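One structure is given here, and the rest of the page talks about it.
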Amino acid sequence: MKIATILFTYNRPVHTQKVLYALSQNDVRPQKLIIFQDGMNSATDKKDWETVGEAIKNITWCETEIHITEKNKGLANSIVQGIDYAFQTYDAVIVLEDDCVPHCKFMSFMYQCLERYQGEKRVYSVGGCPEPIDLDKVPGVDVYFCGRFSSLGWGTWKDRWREYERDYSILKRIKLNRDCRERLHVWGSDLESHLLGNISGECDSWAVFWALKLIEKNGYFLCPYESLITNIGFDGSGVHSGIERIDREYRADDNMEDFIFPNQIEITESAQMGYMDMLHITPRVERDRSYKELLCRWVELKQEKRSIEYEFCEREVAVWGKGWLLELLQKEFGEKMQVKCILETYPTSEAYRGIPVYSVNEIPEEIDTVIVIPFCDIEIIKRKIIRRRPDIKRIFGADEIIK
């Protein structure tokens with residue numbers, strides 16, 4: 001099977017160089033690396049854009065094909081047109097953007113997936129970057145199936161891609177079909193807002209249509225349990241990335257050999273629940289509003305010179321979440337509040353202000369109380385904790401302290 005690797009770049013030389021270097025260090029090199037650099041617009045930094053152009057022209061470690069556009073197409077048009085072009089010659093594609101740094105096993109993984117599932121029409125796409133969800137791993141395998149597409153390092157086949165279309169009526173069709181509507185609830189409750197963002201001009205997403213197509217067709221997406229992509233675009237440098245960091249970094253072992261695939265193509269209940277919990281989490285704007293309301297109640301209580309006492313006093317606790325609200329709690333309770341650790345689904349650091357940060361799988365045995373900072377999502381977080389530690393006695397939100 002002929003497989004093209006496609007890299008989409010624009011005007012981020014540092015990011016592009018990191019991706020190219022990581023590709024050059026992969027165990028398996030691209031059969032052919034096709035690079036598309038979008039053209040400048042009026043706001044483009046010419047020097048950065050030209051530096052990217054020089055970098056992609058000087059690749060010597062694999063066969064390349066370079067396309068530099070005179071006019072700026074924008075992200076969505078660049079990606080769709082580039083993939084369409086590659087499929088004129090190739091049977092499958094591996095797609096990277098200039099902020100997706102591949103793990104040394106990424107190319108090997110993608111080749112294995114594309115070869116193995118070429119004839120499985122239910123599998124619409126494969127990728128190297130799983131969403132940061134909490135799910136039970138199936139023993140003895142390295143990958144899982146889900147119904148939600150991720151565009152951070154992915155691949156597909158020519159016959160599946162033929163079904164791609166930027167069709168705004170797809171959401172209406174999905175909602176009119178009961179089975180599709182149920183799949184949308186599980187795998188795509190956030191996609192309507194992305195579609196509306198395209199219409200309003202707030203975003204330029206091609207991927208929302210591919211994600212909706214998988215939902216409409218009951219297509220499967222395959223990804224590893226441990227991420228093979230580190231996303232470096234959430235630093236304010238990208239046109240569409242913003243600055244809110246997401247937890248998608250390498251988690252795979254550099255020494256991993258061949259990947260072990262499941263015998264059956266099926267989606268586990270744990271994967272479904274993991275995605276529902278992630279997609280149904282309270283939006284940041286609503287969470288921030290709830291935090292401010294809590295702070296106002298706190299101020300009122302202090303003005304009334306009322307003291308705060310709660311059952312966690314004189315007890316070692318774990319705290320889910322961090323930030324200014326945690327710091328306020330520590331300041332209020334002082335030594336009475338003994339924070340043993342901070343919990344996250346996937347920790348992004350080993351410690352926070354001197355407090356160890358653990359995953360939900362690593363809660364110390366002596367802990368029987370957890371305070372949840374993002375209290376708007378306490379039911380989701382409770383499920384995550386109880387699945388791992390059903391013996392935990394107390395799980396309550398930070399809002400319950402300030403009543």
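Ordering of the structure tokens sets the chain letters (A, B, ...); residue numbers start at 1 within each chain; ligands are numbered from 1 in the order shown.
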Would you please give, as a list in words, all residues of stretch 81-136 of chain A that DSSP assigns to helix (DSSP H, G or I) based on the backbone?
->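 DSSP on the backbone gives helix (DSSP H, G or I) at Gln81, Gly82, Ile83, Asp84, Tyr85, Ala86, Phe106, Met107, Ser108, Phe109, Met110, Tyr111, Gln112, Cys113, Leu114, Glu115 and Arg116 of chain A.
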What lies within 7 Å of stretch 212-229 of chain A using only C-alpha atoms, ignoring chain neighbours under 2 positions off, as a JSON list (two decimals) with all heavy atoms, in the first residue's frame?
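Result written to out11.json:
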```json
[["chain", "number", "residue", "atom", "x", "y", "z"],
["A", 100, "CYS", "N", 2.30, 19.40, 15.95],
["A", 100, "CYS", "CA", 2.13, 18.03, 16.43],
["A", 100, "CYS", "C", 3.47, 17.29, 16.34],
["A", 100, "CYS", "O", 3.85, 16.79, 15.27],
["A", 100, "CYS", "CB", 1.07, 17.30, 15.61],
["A", 100, "CYS", "SG", -0.58, 18.01, 15.76],
["A", 101, "VAL", "N", 4.18, 17.24, 17.44],
["A", 101, "VAL", "CA", 5.50, 16.61, 17.46],
["A", 101, "VAL", "C", 5.32, 15.10, 17.67],
["A", 101, "VAL", "O", 4.79, 14.67, 18.69],
["A", 101, "VAL", "CB", 6.38, 17.20, 18.59],
["A", 101, "VAL", "CG1", 7.74, 16.52, 18.60],
["A", 101, "VAL", "CG2", 6.52, 18.70, 18.43],
["A", 102, "PRO", "N", 5.77, 14.28, 16.71],
["A", 102, "PRO", "CA", 5.55, 12.84, 16.80],
["A", 102, "PRO", "C", 6.57, 12.12, 17.67],
["A", 102, "PRO", "O", 7.77, 12.41, 17.61],
["A", 102, "PRO", "CB", 5.63, 12.37, 15.35],
["A", 102, "PRO", "CG", 6.57, 13.34, 14.71],
["A", 102, "PRO", "CD", 6.35, 14.66, 15.40],
["A", 103, "HIS", "N", 6.10, 11.18, 18.45],
["A", 103, "HIS", "CA", 6.94, 10.27, 19.22],
["A", 103, "HIS", "C", 7.74, 9.40, 18.25],
["A", 103, "HIS", "O", 7.35, 9.21, 17.09],
["A", 103, "HIS", "CB", 6.01, 9.41, 20.09],
["A", 103, "HIS", "CG", 6.69, 8.48, 21.03],
["A", 103, "HIS", "ND1", 7.14, 7.24, 20.64],
["A", 103, "HIS", "CD2", 6.97, 8.58, 22.35],
["A", 103, "HIS", "CE1", 7.67, 6.62, 21.68],
["A", 103, "HIS", "NE2", 7.58, 7.41, 22.73],
["A", 106, "PHE", "N", 5.71, 6.89, 16.42],
["A", 106, "PHE", "CA", 4.48, 7.32, 15.77],
["A", 106, "PHE", "C", 4.33, 6.75, 14.37],
["A", 106, "PHE", "O", 3.29, 6.19, 14.02],
["A", 106, "PHE", "CB", 4.44, 8.86, 15.72],
["A", 106, "PHE", "CG", 3.31, 9.41, 14.88],
["A", 106, "PHE", "CD1", 2.01, 9.41, 15.36],
["A", 106, "PHE", "CD2", 3.55, 9.92, 13.61],
["A", 106, "PHE", "CE1", 0.97, 9.91, 14.59],
["A", 106, "PHE", "CE2", 2.52, 10.43, 12.83],
["A", 106, "PHE", "CZ", 1.22, 10.42, 13.33],
["A", 122, "ARG", "N", -15.43, -0.31, 8.68],
["A", 122, "ARG", "CA", -15.99, 0.37, 9.86],
["A", 122, "ARG", "C", -14.99, 1.34, 10.48],
["A", 122, "ARG", "O", -15.37, 2.30, 11.15],
["A", 122, "ARG", "CB", -16.41, -0.64, 10.91],
["A", 122, "ARG", "CG", -17.64, -1.46, 10.58],
["A", 122, "ARG", "CD", -17.88, -2.51, 11.65],
["A", 122, "ARG", "NE", -16.80, -3.50, 11.66],
["A", 122, "ARG", "CZ", -16.67, -4.45, 12.60],
["A", 122, "ARG", "NH1", -17.53, -4.50, 13.60],
["A", 122, "ARG", "NH2", -15.67, -5.32, 12.53],
["A", 123, "VAL", "N", -13.70, 1.07, 10.26],
["A", 123, "VAL", "CA", -12.65, 1.93, 10.83],
["A", 123, "VAL", "C", -12.40, 3.06, 9.82],
["A", 123, "VAL", "O", -11.82, 2.84, 8.77],
["A", 123, "VAL", "CB", -11.36, 1.14, 11.10],
["A", 123, "VAL", "CG1", -10.32, 2.06, 11.74],
["A", 123, "VAL", "CG2", -11.64, -0.06, 11.99],
["A", 124, "TYR", "N", -12.85, 4.24, 10.16],
["A", 124, "TYR", "CA", -12.75, 5.37, 9.26],
["A", 124, "TYR", "C", -11.41, 6.10, 9.37],
["A", 124, "TYR", "O", -10.95, 6.72, 8.42],
["A", 124, "TYR", "CB", -13.89, 6.36, 9.52],
["A", 124, "TYR", "CG", -15.11, 6.13, 8.68],
["A", 124, "TYR", "CD1", -15.80, 4.92, 8.75],
["A", 124, "TYR", "CD2", -15.59, 7.09, 7.79],
["A", 124, "TYR", "CE1", -16.93, 4.69, 7.99],
["A", 124, "TYR", "CE2", -16.71, 6.86, 7.01],
["A", 124, "TYR", "CZ", -17.37, 5.66, 7.11],
["A", 124, "TYR", "OH", -18.48, 5.42, 6.33],
["A", 125, "SER", "N", -10.81, 6.04, 10.55],
["A", 125, "SER", "CA", -9.61, 6.81, 10.75],
["A", 125, "SER", "C", -8.81, 6.23, 11.91],
["A", 125, "SER", "O", -9.35, 5.54, 12.77],
["A", 125, "SER", "CB", -9.98, 8.28, 11.04],
["A", 125, "SER", "OG", -8.87, 9.12, 10.91],
["A", 126, "VAL", "N", -7.51, 6.53, 11.93],
["A", 126, "VAL", "CA", -6.62, 6.11, 13.03],
["A", 126, "VAL", "C", -5.79, 7.31, 13.43],
["A", 126, "VAL", "O", -5.58, 8.24, 12.63],
["A", 126, "VAL", "CB", -5.72, 4.93, 12.61],
["A", 126, "VAL", "CG1", -6.54, 3.73, 12.21],
["A", 126, "VAL", "CG2", -4.78, 5.34, 11.47],
["A", 127, "GLY", "N", -5.33, 7.34, 14.67],
["A", 127, "GLY", "CA", -4.57, 8.49, 15.13],
["A", 127, "GLY", "C", -3.63, 8.15, 16.26],
["A", 127, "GLY", "O", -3.79, 7.12, 16.93],
["A", 128, "GLY", "N", -2.68, 9.04, 16.51],
["A", 128, "GLY", "CA", -1.68, 8.79, 17.54],
["A", 128, "GLY", "C", -1.90, 9.54, 18.83],
["A", 128, "GLY", "O", -1.12, 9.39, 19.77],
["A", 129, "CYS", "N", -2.96, 10.34, 18.89],
["A", 129, "CYS", "CA", -3.17, 11.19, 20.07],
["A", 129, "CYS", "C", -4.54, 10.96, 20.67],
["A", 129, "CYS", "O", -5.53, 11.49, 20.17],
["A", 129, "CYS", "CB", -2.99, 12.65, 19.69],
["A", 129, "CYS", "SG", -2.98, 13.75, 21.12],
["A", 130, "PRO", "N", -4.64, 10.19, 21.74],
["A", 130, "PRO", "CA", -5.93, 9.97, 22.39],
["A", 130, "PRO", "C", -6.38, 11.22, 23.15],
["A", 130, "PRO", "O", -5.56, 12.04, 23.55],
["A", 130, "PRO", "CB", -5.65, 8.83, 23.37],
["A", 130, "PRO", "CG", -4.20, 9.01, 23.73],
["A", 130, "PRO", "CD", -3.54, 9.52, 22.46],
["A", 142, "ASP", "N", -2.75, -2.39, 23.27],
["A", 142, "ASP", "CA", -2.19, -1.04, 23.36],
["A", 142, "ASP", "C", -3.10, 0.03, 22.79],
["A", 142, "ASP", "O", -2.76, 1.23, 22.85],
["A", 142, "ASP", "CB", -0.85, -0.98, 22.62],
["A", 142, "ASP", "CG", 0.18, -1.93, 23.21],
["A", 142, "ASP", "OD1", 0.31, -1.98, 24.43],
["A", 142, "ASP", "OD2", 0.85, -2.64, 22.41],
["A", 143, "VAL", "N", -4.22, -0.35, 22.19],
["A", 143, "VAL", "CA", -5.08, 0.61, 21.50],
["A", 143, "VAL", "C", -6.53, 0.37, 21.87],
["A", 143, "VAL", "O", -6.89, -0.68, 22.42],
["A", 143, "VAL", "CB", -4.91, 0.51, 19.97],
["A", 143, "VAL", "CG1", -3.46, 0.69, 19.56],
["A", 143, "VAL", "CG2", -5.44, -0.83, 19.45],
["A", 144, "TYR", "N", -7.37, 1.35, 21.53],
["A", 144, "TYR", "CA", -8.81, 1.17, 21.73],
["A", 144, "TYR", "C", -9.57, 1.89, 20.61],
["A", 144, "TYR", "O", -9.04, 2.78, 19.94],
["A", 144, "TYR", "CB", -9.25, 1.67, 23.10],
["A", 144, "TYR", "CG", -9.16, 3.16, 23.31],
["A", 144, "TYR", "CD1", -10.26, 3.99, 23.08],
["A", 144, "TYR", "CD2", -7.97, 3.76, 23.74],
["A", 144, "TYR", "CE1", -10.18, 5.36, 23.28],
["A", 144, "TYR", "CE2", -7.89, 5.12, 23.95],
["A", 144, "TYR", "CZ", -9.00, 5.92, 23.72],
["A", 144, "TYR", "OH", -8.91, 7.28, 23.91],
["A", 145, "PHE", "N", -10.81, 1.50, 20.44],
["A", 145, "PHE", "CA", -11.69, 2.12, 19.46],
["A", 145, "PHE", "C", -12.65, 3.08, 20.14],
["A", 145, "PHE", "O", -13.08, 2.84, 21.27],
["A", 145, "PHE", "CB", -12.50, 1.05, 18.71],
["A", 145, "PHE", "CG", -11.68, 0.20, 17.78],
["A", 145, "PHE", "CD1", -11.24, -1.06, 18.19],
["A", 145, "PHE", "CD2", -11.35, 0.63, 16.51],
["A", 145, "PHE", "CE1", -10.49, -1.86, 17.35],
["A", 145, "PHE", "CE2", -10.60, -0.16, 15.66],
["A", 145, "PHE", "CZ", -10.17, -1.41, 16.08],
["A", 146, "CYS", "N", -12.99, 4.15, 19.43],
["A", 146, "CYS", "CA", -13.99, 5.07, 19.92],
["A", 146, "CYS", "C", -14.75, 5.63, 18.72],
["A", 146, "CYS", "O", -14.47, 5.28, 17.58],
["A", 146, "CYS", "CB", -13.36, 6.19, 20.75],
["A", 146, "CYS", "SG", -12.25, 7.26, 19.81],
["A", 147, "GLY", "N", -15.70, 6.52, 18.99],
["A", 147, "GLY", "CA", -16.49, 7.10, 17.91],
["A", 147, "GLY", "C", -16.19, 8.56, 17.67],
["A", 147, "GLY", "O", -16.97, 9.25, 17.02],
["A", 148, "ARG", "N", -15.06, 9.04, 18.21],
["A", 148, "ARG", "CA", -14.72, 10.47, 18.10],
["A", 148, "ARG", "C", -13.35, 10.65, 17.45],
["A", 148, "ARG", "O", -12.35, 10.13, 17.93],
["A", 148, "ARG", "CB", -14.73, 11.12, 19.47],
["A", 148, "ARG", "CG", -14.30, 12.60, 19.49],
["A", 148, "ARG", "CD", -15.21, 13.45, 18.58],
["A", 148, "ARG", "NE", -14.76, 14.84, 18.59],
["A", 148, "ARG", "CZ", -15.34, 15.80, 19.32],
["A", 148, "ARG", "NH1", -16.36, 15.50, 20.10],
["A", 148, "ARG", "NH2", -14.90, 17.03, 19.25],
["A", 149, "PHE", "N", -13.32, 11.41, 16.38],
["A", 149, "PHE", "CA", -12.10, 11.67, 15.63],
["A", 149, "PHE", "C", -11.24, 12.71, 16.35],
["A", 149, "PHE", "O", -11.75, 13.67, 16.94],
["A", 149, "PHE", "CB", -12.46, 12.18, 14.24],
["A", 149, "PHE", "CG", -11.31, 12.76, 13.46],
["A", 149, "PHE", "CD1", -10.29, 11.94, 13.01],
["A", 149, "PHE", "CD2", -11.26, 14.12, 13.19],
["A", 149, "PHE", "CE1", -9.22, 12.48, 12.30],
["A", 149, "PHE", "CE2", -10.21, 14.66, 12.47],
["A", 149, "PHE", "CZ", -9.18, 13.83, 12.02],
["A", 153, "GLY", "N", -2.37, 14.36, 14.62],
["A", 153, "GLY", "CA", -1.59, 13.22, 14.15],
["A", 153, "GLY", "C", -2.49, 12.05, 13.82],
["A", 153, "GLY", "O", -2.76, 11.23, 14.68],
["A", 174, "ILE", "N", -28.32, 14.00, 11.30],
["A", 174, "ILE", "CA", -27.99, 13.23, 12.50],
["A", 174, "ILE", "C", -29.09, 13.35, 13.54],
["A", 174, "ILE", "O", -29.51, 12.36, 14.16],
["A", 174, "ILE", "CB", -26.63, 13.71, 13.07],
["A", 174, "ILE", "CG1", -25.50, 13.23, 12.16],
["A", 174, "ILE", "CG2", -26.42, 13.20, 14.49],
["A", 174, "ILE", "CD1", -24.13, 13.78, 12.52],
["A", 180, "CYS", "N", -28.29, 7.90, 15.33],
["A", 180, "CYS", "CA", -27.26, 8.93, 15.12],
["A", 180, "CYS", "C", -27.31, 9.96, 16.25],
["A", 180, "CYS", "O", -26.26, 10.43, 16.72],
["A", 180, "CYS", "CB", -27.47, 9.62, 13.78],
["A", 180, "CYS", "SG", -27.13, 8.59, 12.33],
["A", 183, "ARG", "N", -25.56, 8.62, 19.23],
["A", 183, "ARG", "CA", -24.11, 8.67, 19.06],
["A", 183, "ARG", "C", -23.59, 10.09, 19.20],
["A", 183, "ARG", "O", -22.49, 10.32, 19.75],
["A", 183, "ARG", "CB", -23.71, 8.07, 17.70],
["A", 183, "ARG", "CG", -23.94, 6.57, 17.59],
["A", 183, "ARG", "CD", -23.19, 5.98, 16.42],
["A", 183, "ARG", "NE", -23.70, 6.42, 15.14],
["A", 183, "ARG", "CZ", -24.68, 5.83, 14.47],
["A", 183, "ARG", "NH1", -25.29, 4.77, 14.97],
["A", 183, "ARG", "NH2", -25.07, 6.28, 13.28],
["A", 184, "LEU", "N", -24.34, 11.06, 18.71],
["A", 184, "LEU", "CA", -23.94, 12.46, 18.86],
["A", 184, "LEU", "C", -23.85, 12.84, 20.33],
["A", 184, "LEU", "O", -22.93, 13.56, 20.75],
["A", 184, "LEU", "CB", -24.94, 13.37, 18.15],
["A", 184, "LEU", "CG", -24.64, 14.88, 18.19],
["A", 184, "LEU", "CD1", -23.39, 15.19, 17.37],
["A", 184, "LEU", "CD2", -25.84, 15.67, 17.67],
["A", 208, "VAL", "N", -14.47, 19.27, 12.04],
["A", 208, "VAL", "CA", -15.81, 19.06, 12.59],
["A", 208, "VAL", "C", -16.67, 18.24, 11.63],
["A", 208, "VAL", "O", -17.48, 17.40, 12.06],
["A", 208, "VAL", "CB", -16.49, 20.42, 12.91],
["A", 208, "VAL", "CG1", -16.69, 21.26, 11.65],
["A", 208, "VAL", "CG2", -17.81, 20.21, 13.63],
["A", 209, "PHE", "N", -16.47, 18.40, 10.34],
["A", 209, "PHE", "CA", -17.26, 17.64, 9.36],
["A", 209, "PHE", "C", -16.84, 16.17, 9.33],
["A", 209, "PHE", "O", -17.69, 15.29, 9.13],
["A", 209, "PHE", "CB", -17.09, 18.27, 7.97],
["A", 209, "PHE", "CG", -17.61, 19.66, 7.87],
["A", 209, "PHE", "CD1", -16.73, 20.74, 7.86],
["A", 209, "PHE", "CD2", -18.97, 19.92, 7.81],
["A", 209, "PHE", "CE1", -17.19, 22.04, 7.78],
["A", 209, "PHE", "CE2", -19.45, 21.22, 7.72],
["A", 209, "PHE", "CZ", -18.56, 22.28, 7.71],
["A", 210, "TRP", "N", -15.56, 15.90, 9.51],
["A", 210, "TRP", "CA", -15.08, 14.52, 9.54],
["A", 210, "TRP", "C", -15.55, 13.83, 10.82],
["A", 210, "TRP", "O", -15.95, 12.66, 10.79],
["A", 210, "TRP", "CB", -13.57, 14.50, 9.42],
["A", 210, "TRP", "CG", -12.92, 13.17, 9.14],
["A", 210, "TRP", "CD1", -11.86, 12.64, 9.79],
["A", 210, "TRP", "CD2", -13.26, 12.22, 8.12],
["A", 210, "TRP", "NE1", -11.51, 11.42, 9.25],
["A", 210, "TRP", "CE2", -12.36, 11.13, 8.21],
["A", 210, "TRP", "CE3", -14.24, 12.18, 7.12],
["A", 210, "TRP", "CZ2", -12.40, 10.02, 7.37],
["A", 210, "TRP", "CZ3", -14.28, 11.06, 6.27],
["A", 210, "TRP", "CH2", -13.37, 10.01, 6.41],
["A", 231, "ASN", "N", 1.45, 17.97, 21.61],
["A", 231, "ASN", "CA", 0.95, 19.16, 20.95],
["A", 231, "ASN", "C", 1.63, 20.39, 21.55],
["A", 231, "ASN", "O", 1.56, 20.62, 22.76],
["A", 231, "ASN", "CB", -0.57, 19.27, 21.11],
["A", 231, "ASN", "CG", -1.12, 20.44, 20.31],
["A", 231, "ASN", "OD1", -1.15, 21.56, 20.80],
["A", 231, "ASN", "ND2", -1.54, 20.17, 19.09],
["A", 248, "ARG", "N", -2.02, 16.76, 26.26],
["A", 248, "ARG", "CA", -1.75, 15.77, 25.22],
["A", 248, "ARG", "C", -0.25, 15.74, 24.98],
["A", 248, "ARG", "O", 0.27, 16.44, 24.12],
["A", 248, "ARG", "CB", -2.50, 16.09, 23.94],
["A", 248, "ARG", "CG", -4.02, 16.12, 24.15],
["A", 248, "ARG", "CD", -4.75, 16.33, 22.87],
["A", 248, "ARG", "NE", -6.15, 16.60, 23.12],
["A", 248, "ARG", "CZ", -7.05, 16.82, 22.18],
["A", 248, "ARG", "NH1", -6.69, 16.79, 20.93],
["A", 248, "ARG", "NH2", -8.29, 17.06, 22.48],
["A", 249, "GLU", "N", 0.45, 14.98, 25.76],
["A", 249, "GLU", "CA", 1.89, 14.86, 25.63],
["A", 249, "GLU", "C", 2.25, 13.39, 25.51],
["A", 249, "GLU", "O", 1.45, 12.51, 25.79],
["A", 249, "GLU", "CB", 2.58, 15.47, 26.86],
["A", 249, "GLU", "CG", 2.29, 16.97, 27.02],
["A", 249, "GLU", "CD", 3.04, 17.57, 28.19],
["A", 249, "GLU", "OE1", 3.63, 16.79, 28.96],
["A", 249, "GLU", "OE2", 3.03, 18.80, 28.32],
["A", 250, "TYR", "N", 3.49, 13.13, 25.07],
["A", 250, "TYR", "CA", 3.95, 11.75, 24.99],
["A", 250, "TYR", "C", 3.66, 11.03, 26.30],
["A", 250, "TYR", "O", 3.98, 11.51, 27.38],
["A", 250, "TYR", "CB", 5.47, 11.69, 24.82],
["A", 250, "TYR", "CG", 6.04, 12.26, 23.57],
["A", 250, "TYR", "CD1", 7.34, 12.73, 23.56],
["A", 250, "TYR", "CD2", 5.32, 12.31, 22.39],
["A", 250, "TYR", "CE1", 7.93, 13.25, 22.42],
["A", 250, "TYR", "CE2", 5.89, 12.83, 21.25],
["A", 250, "TYR", "CZ", 7.19, 13.30, 21.27],
["A", 250, "TYR", "OH", 7.76, 13.81, 20.14],
["A", 251, "ARG", "N", 3.11, 9.84, 26.20],
["A", 251, "ARG", "CA", 3.03, 8.99, 27.37],
["A", 251, "ARG", "C", 3.54, 7.58, 27.03],
["A", 251, "ARG", "O", 3.64, 6.74, 27.89],
["A", 251, "ARG", "CB", 1.58, 8.91, 27.90],
["A", 251, "ARG", "CG", 1.08, 10.22, 28.44],
["A", 251, "ARG", "CD", -0.12, 10.03, 29.33],
["A", 251, "ARG", "NE", -1.19, 9.33, 28.66],
["A", 251, "ARG", "CZ", -2.14, 9.93, 27.93],
["A", 251, "ARG", "NH1", -2.13, 11.23, 27.78],
["A", 251, "ARG", "NH2", -3.10, 9.24, 27.36],
["A", 252, "ALA", "N", 3.86, 7.35, 25.76],
["A", 252, "ALA", "CA", 4.31, 6.02, 25.34],
["A", 252, "ALA", "C", 5.78, 5.79, 25.68],
["A", 252, "ALA", "O", 6.57, 6.72, 25.80],
["A", 252, "ALA", "CB", 4.10, 5.86, 23.83]]
```
Long-range neighbours of A:Ala318 as a PyMOL selection string, 6 Å cut-off, only C-alpha atoms, 5 positions minimum in chain | chain A and resi 339-342+370
If you run DSSP over the backbone, which residues in stretch 29-124 of chain A end up strand (DSSP E)? Put them as a PyMOL selection string.
-> chain A and resi 33-37+64-68+92-97+100-102+123-124
Counting only C-alpha atoms, figure out which residue out of A:Glu97, A:Asp136, A:Glu163, A:Glu70 gets nearest to A:Lys121.
->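 Counting only C-alpha atoms, the residue closest to A:Lys121 is A:Glu163.
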Write out as an MDAnalysis selection string the residues lying within 9 Å of stretch 110-113 of chain A, counting only C-alpha atoms and excluding same-chain residues fewer than 2 positions away.
-> chainID A and resid 3 28 94 105:108 115:118 126:128 154:155 222 258:259 261
Test item: residues at most 10 Å from A:Leu295, only C-alpha atoms, excluding those fewer than 3 positions along its chain, as a compact mmCIF listing (two decimals) with all heavy atoms, in the first residue's frame:
```
# COMPACT_ATOMS: atom_id res chain seq x y z
N ARG A 289 -17.68 31.58 36.33
CA ARG A 289 -18.79 32.32 36.93
C ARG A 289 -19.17 31.71 38.28
O ARG A 289 -19.41 32.42 39.26
CB ARG A 289 -19.99 32.33 36.00
CG ARG A 289 -21.17 33.12 36.54
CD ARG A 289 -22.22 33.40 35.49
NE ARG A 289 -22.73 32.18 34.90
CZ ARG A 289 -22.55 31.83 33.63
NH1 ARG A 289 -21.85 32.61 32.83
NH2 ARG A 289 -23.04 30.71 33.16
N SER A 290 -19.17 30.38 38.35
CA SER A 290 -19.50 29.70 39.60
C SER A 290 -18.45 29.99 40.68
O SER A 290 -18.78 30.18 41.85
CB SER A 290 -19.60 28.19 39.38
OG SER A 290 -20.64 27.89 38.48
N TYR A 291 -17.17 30.03 40.26
CA TYR A 291 -16.10 30.33 41.21
C TYR A 291 -16.26 31.75 41.77
O TYR A 291 -16.06 32.00 42.97
CB TYR A 291 -14.73 30.20 40.55
CG TYR A 291 -14.34 28.80 40.16
CD1 TYR A 291 -13.40 28.57 39.16
CD2 TYR A 291 -14.91 27.69 40.78
CE1 TYR A 291 -13.03 27.28 38.79
CE2 TYR A 291 -14.55 26.41 40.42
CZ TYR A 291 -13.62 26.20 39.42
OH TYR A 291 -13.25 24.93 39.05
N LYS A 292 -16.62 32.69 40.90
CA LYS A 292 -16.79 34.07 41.36
C LYS A 292 -17.97 34.19 42.32
O LYS A 292 -17.91 34.95 43.30
CB LYS A 292 -16.97 34.99 40.15
CG LYS A 292 -15.71 35.16 39.32
CD LYS A 292 -15.95 35.98 38.06
CE LYS A 292 -14.68 36.08 37.23
NZ LYS A 292 -14.91 36.81 35.95
N TRP A 298 -18.11 33.84 50.06
CA TRP A 298 -17.01 33.79 51.02
C TRP A 298 -16.79 35.18 51.64
O TRP A 298 -16.64 35.33 52.85
CB TRP A 298 -15.76 33.30 50.31
CG TRP A 298 -14.65 32.85 51.23
CD1 TRP A 298 -14.29 33.39 52.41
CD2 TRP A 298 -13.76 31.76 51.00
NE1 TRP A 298 -13.22 32.72 52.95
CE2 TRP A 298 -12.88 31.71 52.09
CE3 TRP A 298 -13.61 30.84 49.97
CZ2 TRP A 298 -11.86 30.76 52.19
CZ3 TRP A 298 -12.61 29.90 50.06
CH2 TRP A 298 -11.74 29.85 51.16
N VAL A 299 -16.75 36.21 50.78
CA VAL A 299 -16.55 37.57 51.27
C VAL A 299 -17.67 37.98 52.22
O VAL A 299 -17.43 38.59 53.27
CB VAL A 299 -16.47 38.55 50.08
CG1 VAL A 299 -16.50 40.00 50.57
CG2 VAL A 299 -15.20 38.29 49.27
N GLU A 300 -18.91 37.64 51.86
CA GLU A 300 -20.05 37.98 52.73
C GLU A 300 -19.90 37.31 54.09
O GLU A 300 -20.16 37.92 55.14
CB GLU A 300 -21.35 37.54 52.07
CG GLU A 300 -21.74 38.37 50.86
CD GLU A 300 -22.95 37.80 50.14
OE1 GLU A 300 -23.50 36.78 50.62
OE2 GLU A 300 -23.35 38.36 49.11
N LEU A 301 -19.51 36.06 54.08
CA LEU A 301 -19.33 35.33 55.33
C LEU A 301 -18.26 35.98 56.20
O LEU A 301 -18.41 36.13 57.42
CB LEU A 301 -18.99 33.87 55.03
CG LEU A 301 -18.92 32.89 56.20
CD1 LEU A 301 -19.37 31.50 55.74
CD2 LEU A 301 -17.52 32.80 56.77
N LEU A 325 -8.47 29.00 44.11
CA LEU A 325 -9.44 28.53 45.10
C LEU A 325 -8.77 27.58 46.10
O LEU A 325 -9.04 27.64 47.31
CB LEU A 325 -10.62 27.86 44.40
CG LEU A 325 -11.82 27.48 45.28
CD1 LEU A 325 -12.24 28.64 46.17
CD2 LEU A 325 -12.98 27.01 44.42
N LEU A 328 -6.81 29.74 48.46
CA LEU A 328 -7.67 30.39 49.45
C LEU A 328 -8.05 29.42 50.58
O LEU A 328 -8.06 29.79 51.76
CB LEU A 328 -8.93 30.94 48.78
CG LEU A 328 -8.81 32.30 48.10
CD1 LEU A 328 -10.13 32.67 47.43
CD2 LEU A 328 -8.43 33.37 49.11
N ASP A 399 -17.71 24.14 46.99
CA ASP A 399 -18.87 25.00 47.26
C ASP A 399 -19.61 24.58 48.53
O ASP A 399 -20.32 25.40 49.14
CB ASP A 399 -19.84 24.97 46.07
CG ASP A 399 -20.36 23.59 45.78
OD1 ASP A 399 -19.60 22.60 45.93
OD2 ASP A 399 -21.54 23.46 45.40
N ILE A 402 -18.49 26.65 51.73
CA ILE A 402 -18.96 28.02 51.91
C ILE A 402 -20.46 28.03 51.66
O ILE A 402 -20.91 28.17 50.53
CB ILE A 402 -18.25 28.99 50.94
CG1 ILE A 402 -16.76 28.74 50.91
CG2 ILE A 402 -18.55 30.44 51.32
CD1 ILE A 402 -16.07 28.92 52.25
```
Mind checking which residues fall within 9 Å of stretch 76-79 of chain A, counting only C-alpha atoms, ignoring those fewer than 3 positions away in the same chain, and posting them as a ChimeraX atom specification?
-> /A:8,36-38,72-73,82-84,95,204-207
Interatomic distance (Å, one decimal) between atom CA of A:Glu327 and atom CA of A:Pro364 =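 Spanning atom CA of A:Glu327 to atom CA of A:Pro364 is a straight-line distance of 21.5 Å.
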